[in-house]
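S.K.: Submitted below is the structure of interest, expressed as structure tokens.
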Amino acid sequence: MSGAWTRLHGALTELVTRRTVHLLVIGVFVTGLAAAGLSRLQMRTGDDTLISSSSKIYQTNQRYQREFGGENVLILLTGDHSDILSPGNLESLQSMERGLQELPGVRSVTGPGTLLALANGSPEAVNALAEASKTDGRLALLFPDSRHALVVVRLEGNLTVEEQGPAVHAVEGLVRSHPLAGVDATVSGTPALGSAIKDSMVQDMRRIVVLAVVLMTAVLFLVFRARWRLLSLPLALIGVVWTLGVMGLVGMPLSVVTMAGLPILIGLGVDYGVQFHNRFEEEIRRQGSRQEAMAIALNHIAPAVGVAVLCTTAGFVALLLSAVPMVRDFGIQLAIGVILLYGLALFLLSSLLFRTERRVFNRGTGGGSPRLDRVLRWAARTAISHPVPILLLALTAAGTGLYFDGRIKVETDIERLMPQDNPALRDLRSVRDVIGGTSAVNVLVEGDDLSNPLVLGWMLSYEQQQRARHPEIVWSTSPASLISGPDGQLPENAREALAELPASSRSSALSDSGRMASISFIVRPMPATALDRLVRSLTADLRDAPPGVSVAPAGRYAVLARSMSSLTQDRGLVTLAALAAVVAGLLLVYRSLLRAAAPVLPILLVVGWSSALMYSMGITLNPLTAVLGSLIIGIGVEFTVLLMERYSEERRLGKEPAAAMEFAVGRIGPAITASGLTVLAGFAALLLSDFPMLRDFGMVAVIDLFLSLVSTLVVLPPIVVWVDSRAPASMAVVDR
């Protein structure tokens with residue numbers, strides 16, 4: 001033991017065994033700070049959680065929404081046109097549309113009542129409007145068929161889901177207060193869906209956290225044989241509170257992705273606690289004296305778990321390479337969390353264990369090997385005796401998985417990742433069945449004079465070209481198409497025709513300055529990858545814009561498509577980065593390539609095994625499962641590092657490689673199993689989520705963690721023993 005570690009170890013032991021009250025006071029103080037941070041924690045679902053605020057598409061979308069507004073709330077009216085536009089209903093409809101226009105958060109309202117008000121609502125105007133909708137594409141959206149009419153409420157631009165929610169609820173209330181005789185009204189659209197999904201996600205995560213705690217309690221009772229076996233669980237919950245508090249203090253938002261980290265952190269907190277608890281229990285039985293037991297336990301387990309935390313943190317930090325901000329926040333959240341949880345286990349848990357220990361043991365006594373110890377020893381002994389078939393089978397399965405990895409289906413249809421029985425989703429699909437599509441992909445056009453007939457001609461040609469080329473586009477609008485005739489041609493006096501449009505119609509497509517214009521395409525529902533291809537195709541055809549005119553894609557769906565595409569494309573890079581970061585960390589600690597690679601290889605095999613199982617079970621990749629590789633590398637390497645550390649300890653005591661490994665598995669294997677199963681329980685709670693995205697994430701994580709445990713206890717032992725028997729110098733431990 002080095003002099004530096006001797007001094008540090010002495011100070012640590014003194015702090016843990018004699019300063020419990022001080023540690024508790026510090027813990028209460030930090031918890032108070034965390035509570036203050038919690039009050040500042042906000043859930044954010046804006047575009048800046050999907051894509052970097054410095055990216056061109058984000059900045060273009062910000063400008064677009066400031067000028068033309070944000071998402072549309074759709075009010076679908078179902079009934080005969082004669083009923084919808086009857087004198088009594090028309091009066092109520094016009095009153096409703098005027099009230100909608102005055103609601104906070106609403107930018108503009110376009111509907112039959114608004115248009116008829118401009119025409120004084122005469123019976124002739126009513127009939128003319130209904131008839132014109134059959135041939136005039138500009139009115140087709142408001143009268144999609146003979147049994148429906150549509151009111152389009154455009155919200156203010158750049159609103160988050162949290163800000164859209166009150167506006168949507170206000171729209172719903174106003175529609176209910178203006179009933180139409182013989183007509184049903186359905187309020188839908190992406191803002192209504194987003195608000196409902198956000199509320200559902202919060203409720204879902206609360207239930208998952210409670211379920212995770214229940215499952216972890218059951219695991220600790222069944223697997224972890226120790227007094228005060230549940231002590232690590234409340235401390236893990238405190239660690240999660242600390243993590244959320246830090247997020248609030250530094251301004252890091254809570255998102256749909258970081259919410260999934262809560263059960264993971266609870267599991268990891270219990271994991272670290274179990275390791276410290278298990279080693280103290282072992283030493284108290286061996287030493288008899290709690291003072292000596294704690295000193296020895298800290299001497300061995302603090303550095304071992306510290307190395308594991310280093311690896312886990314490195315794996316999580318690799319998520320910073322993702323192009324998606326909420327995934328980067330996820331990595332930071334987990335990295336902060338594991339460091340805080342390690343500190344809680346090292347200081348507070350150890351001190352509480354020391355203070356609550358009142359048993360007296362004779363030195364060297366023990367209760368004999370429990371059944372799990374014997375099973376794990378037998379598995380290690382069998383694997384060490386048959387290294388070749390074990391490794392061949394492991395490598396073959398991993399190679400098979402890597403072969404099929406590129407064939408795993410990627411699910412990027414956002415709606416398929418949501419609860420399918422959600423009423424808001426059902427309403428959105430009902431509206432879409434009538435009008436064909438509810439998602440808008442926009443193009444922002446900027447220039448000095450966009451009302452110039454030459455520019456308007458290009459816009460109309462571009463719009464018509466895209467509709468002919470892409471059958472998934474069901475409707476479109478631009479300043480040019482607003483004034484084009486039924487024959488699809490611009491009028492001779494195009495500039496004057498544009499100026500004569502109603503202000504509400506003109507402002508939806510052309511800014512007051514005439515320097516910004518919107519070309520909007522309503523598209524059918526499609527996966528985000530297909531939507532991204534459509535956006536890229538629309539963008540490629542913008543190169544023919546007239547001189548002096550700049551064009552770029554905009555709108556929330558363009559941002560969402562680019563974000564989802566980045567998630568799946570970054571998957572391999574993030575996984576490799578996590579692997580490299582973990583190996584680099586182990587090299588820094590062990591200063592031996594073979595010793596650094598040994599703990600990583602079994603978990604690297606798990607990545608291949610996982611792909612094979614996902615392909616065979618038909619599990620799809622989604623935004624969460626796409627980043628699971630780095631998480632499993634970070635978490636799984638902890639198990640292998642802990643076993644390696646205990647093996648090195650036994651080797652230093654003079655045991656031969658096979659005997660040292662068998663003894664190490666028997667001693668720390670049950671603790672690794674217990675802690676691994678608690679982390680697994682955290683992921684398993686996600687299996688009961690209402691969200692398919694979270695369920696799939698939980699299922700793959702449970703499979704991967706189980707395979708990581710198997711690989712640690714069965715694959716790692718023969719690798720280490722084989723290498724150590726032939727090149728002992730490469731496995732020697734340097735003084736840390």
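By convention here, the chains of the structure tokens are called A, B, ... in the order presented, each chain's residues are numbered starting at 1, and ligands are numbered starting at 1 in the order presented.
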Which neighbours of stretch 475-484 of chain A fall inside 9 Å, counting only C-alpha atoms, when residues of the same chain fewer than 5 positions from it are skipped, and could you give them as a PDB file with C-alpha atoms, in the first residue's frame?
M.R.:
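The file below, out26.pdb, is the result:
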```pdb
ATOM      1  CA  GLY A 137     -57.486  23.476 -53.393  1.00  0.00           C
ATOM      2  CA  ARG A 138     -57.191  26.503 -51.126  1.00  0.00           C
ATOM      3  CA  ALA A 140     -60.134  21.838 -49.581  1.00  0.00           C
ATOM      4  CA  LEU A 141     -58.555  21.779 -46.137  1.00  0.00           C
ATOM      5  CA  GLY A 436     -55.203  12.972 -44.928  1.00  0.00           C
ATOM      6  CA  GLY A 437     -52.426  14.425 -42.799  1.00  0.00           C
ATOM      7  CA  ALA A 440     -46.494  20.058 -41.590  1.00  0.00           C
ATOM      8  CA  LEU A 450     -41.026  38.000 -52.326  1.00  0.00           C
ATOM      9  CA  SER A 451     -44.168  39.451 -53.927  1.00  0.00           C
ATOM     10  CA  PRO A 453     -44.113  37.779 -59.831  1.00  0.00           C
ATOM     11  CA  VAL A 455     -40.356  34.779 -57.250  1.00  0.00           C
ATOM     12  CA  LEU A 456     -44.027  33.873 -56.893  1.00  0.00           C
ATOM     13  CA  GLY A 457     -43.802  31.880 -60.120  1.00  0.00           C
ATOM     14  CA  TRP A 458     -40.842  29.931 -58.763  1.00  0.00           C
ATOM     15  CA  MET A 459     -42.701  29.209 -55.503  1.00  0.00           C
ATOM     16  CA  LEU A 460     -45.748  27.905 -57.361  1.00  0.00           C
ATOM     17  CA  GLU A 463     -44.805  23.593 -54.764  1.00  0.00           C
ATOM     18  CA  GLN A 464     -46.453  21.826 -57.707  1.00  0.00           C
ATOM     19  CA  ARG A 467     -46.642  17.521 -54.808  1.00  0.00           C
ATOM     20  CA  GLN A 489     -51.685  29.477 -62.868  1.00  0.00           C
ATOM     21  CA  LEU A 490     -50.803  32.835 -61.345  1.00  0.00           C
ATOM     22  CA  PRO A 491     -53.055  35.789 -62.276  1.00  0.00           C
ATOM     23  CA  ALA A 494     -50.112  38.690 -59.083  1.00  0.00           C
ATOM     24  CA  ALA A 497     -53.979  39.812 -56.055  1.00  0.00           C
ATOM     25  CA  LEU A 498     -51.669  39.071 -53.135  1.00  0.00           C
ATOM     26  CA  LEU A 501     -56.054  38.685 -49.869  1.00  0.00           C
ATOM     27  CA  SER A 505     -54.767  34.416 -45.019  1.00  0.00           C
ATOM     28  CA  ARG A 506     -51.905  36.536 -46.319  1.00  0.00           C
ATOM     29  CA  SER A 508     -50.037  32.916 -42.708  1.00  0.00           C
ATOM     30  CA  ALA A 509     -47.813  32.743 -45.805  1.00  0.00           C
ATOM     31  CA  LEU A 510     -46.159  36.157 -46.270  1.00  0.00           C
ATOM     32  CA  ALA A 517     -42.591  33.651 -46.953  1.00  0.00           C
ATOM     33  CA  SER A 518     -43.769  30.168 -45.980  1.00  0.00           C
ATOM     34  CA  ILE A 519     -44.259  27.164 -48.205  1.00  0.00           C
ATOM     35  CA  SER A 520     -46.071  24.568 -46.105  1.00  0.00           C
ATOM     36  CA  PHE A 521     -46.558  20.888 -46.968  1.00  0.00           C
ATOM     37  CA  ILE A 522     -49.053  18.749 -45.035  1.00  0.00           C
ATOM     38  CA  VAL A 523     -47.820  15.150 -45.173  1.00  0.00           C
TER      39      VAL A 523
END
```
S.K.: Might you pull out every residue within 8 Å of stretch 320-325 of chain A, with only C-alpha atoms counted and same-chain residues fewer than 5 positions away left off, and present them as an MDAnalysis selection string?
M.R.: chainID A and resid 48:52 331:332 563 566:567 570 573:574
S.K.: Those same residues - N, CA and C atoms - I'd like them written as a PDB file, in the first residue's frame.
M.R.:
```pdb
ATOM      1  N   ASP A  48     -35.091  22.752 -28.459  1.00  0.00           N
ATOM      2  CA  ASP A  48     -33.698  22.737 -28.015  1.00  0.00           C
ATOM      3  C   ASP A  48     -33.335  21.468 -27.259  1.00  0.00           C
ATOM      4  N   THR A  49     -34.325  20.608 -26.952  1.00  0.00           N
ATOM      5  CA  THR A  49     -34.017  19.288 -26.390  1.00  0.00           C
ATOM      6  C   THR A  49     -33.827  18.248 -27.486  1.00  0.00           C
ATOM      7  N   LEU A  50     -34.233  18.596 -28.700  1.00  0.00           N
ATOM      8  CA  LEU A  50     -34.167  17.654 -29.815  1.00  0.00           C
ATOM      9  C   LEU A  50     -32.939  17.864 -30.690  1.00  0.00           C
ATOM     10  N   ILE A  51     -32.529  19.115 -30.815  1.00  0.00           N
ATOM     11  CA  ILE A  51     -31.420  19.411 -31.715  1.00  0.00           C
ATOM     12  C   ILE A  51     -30.677  20.628 -31.186  1.00  0.00           C
ATOM     13  N   SER A  52     -29.398  20.710 -31.486  1.00  0.00           N
ATOM     14  CA  SER A  52     -28.571  21.786 -30.944  1.00  0.00           C
ATOM     15  C   SER A  52     -29.097  23.157 -31.361  1.00  0.00           C
ATOM     16  N   GLY A 331     -26.619  11.618 -20.430  1.00  0.00           N
ATOM     17  CA  GLY A 331     -25.286  11.172 -20.048  1.00  0.00           C
ATOM     18  C   GLY A 331     -24.746  11.955 -18.866  1.00  0.00           C
ATOM     19  N   ILE A 332     -24.942  13.281 -18.874  1.00  0.00           N
ATOM     20  CA  ILE A 332     -24.464  14.105 -17.757  1.00  0.00           C
ATOM     21  C   ILE A 332     -25.215  13.754 -16.483  1.00  0.00           C
ATOM     22  N   SER A 563     -33.617  15.127 -35.694  1.00  0.00           N
ATOM     23  CA  SER A 563     -33.211  14.628 -34.378  1.00  0.00           C
ATOM     24  C   SER A 563     -33.288  13.109 -34.314  1.00  0.00           C
ATOM     25  N   SER A 566     -30.587  11.497 -36.305  1.00  0.00           N
ATOM     26  CA  SER A 566     -29.287  11.582 -35.639  1.00  0.00           C
ATOM     27  C   SER A 566     -29.149  10.531 -34.554  1.00  0.00           C
ATOM     28  N   LEU A 567     -30.244  10.263 -33.840  1.00  0.00           N
ATOM     29  CA  LEU A 567     -30.194   9.277 -32.757  1.00  0.00           C
ATOM     30  C   LEU A 567     -29.742   7.914 -33.262  1.00  0.00           C
ATOM     31  N   ASP A 570     -26.090   7.934 -34.777  1.00  0.00           N
ATOM     32  CA  ASP A 570     -25.019   8.086 -33.801  1.00  0.00           C
ATOM     33  C   ASP A 570     -24.787   6.827 -32.975  1.00  0.00           C
ATOM     34  N   LEU A 573     -21.290   5.125 -33.216  1.00  0.00           N
ATOM     35  CA  LEU A 573     -20.238   6.040 -32.750  1.00  0.00           C
ATOM     36  C   LEU A 573     -20.249   6.149 -31.234  1.00  0.00           C
ATOM     37  N   VAL A 574     -21.434   6.317 -30.633  1.00  0.00           N
ATOM     38  CA  VAL A 574     -21.533   6.477 -29.181  1.00  0.00           C
ATOM     39  C   VAL A 574     -21.085   5.197 -28.472  1.00  0.00           C
TER      40      VAL A 574
END
```
S.K.: DSSP on the backbone: what in stretch 151-184 of chain A comes out strand (DSSP E or B), as number ranges by chain?
M.R.: A: 151-155, 180, 183-184
S.K.: Restrict the calculation to only C-alpha atoms, then for each residue of stretch 545-582 of chain A with any atom at most 10 Å from an atom of stretch 402-426 of chain A give the closest atom pair and their distance in Å to one decimal, rows by chain and rising residue number, as CSV.
M.R.:
```
residue,atom,partner,partner_atom,distance
A:Leu560,CA,A:Ile414,CA,9.4
A:Ala561,CA,A:Thr412,CA,8.8
A:Met564,CA,A:Thr412,CA,6.7
A:Ser565,CA,A:Thr412,CA,8.1
A:Leu567,CA,A:Thr412,CA,9.7
A:Thr568,CA,A:Val410,CA,7.8
```
S.K.: What is the distance between atom CA of A:Met252 and atom CA of A:Val73, in Å to one decimal?
M.R.: 29.4 Å
S.K.: Per DSSP on the backbone, what are the alpha helix (DSSP H) residues of stretch 30-190 of chain A, as a count of residues only?
M.R.: 81
S.K.: Ranking A:Trp228, A:Trp378, A:Phe29, A:Trp722 by minimum distance to A:Glu656 and counting only C-alpha atoms, which one comes first?
M.R.: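 Of A:Trp228, A:Trp378, A:Phe29, A:Trp722, the one nearest A:Glu656 is A:Trp722, counting only C-alpha atoms.
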S.K.: Got a sec: who's within 10 Å of A:Gly636, counting only C-alpha atoms, leaving out chain neighbours fewer than 2 positions off, as JSON, numbers by chain?
M.R.: {"A": [308, 311, 312, 315, 599, 600, 602, 603, 604, 606, 630, 631, 632, 633, 634, 638, 639, 640, 641, 676, 704, 705, 706, 707, 708, 709, 711, 712]}
S.K.: Need to verify the contact set: A:Ala297, 9 Å, only C-alpha atoms, exclusion of same-chain residues closer than 4 positions in sequence. Can you return it as a list of chain:residue names?
M.R.: A:Phe276, A:Arg279, A:Phe280, A:Glu281, A:Glu282, A:Glu283, A:Ile284, A:Glu292, A:Ala293, A:Ile301, A:Ala302
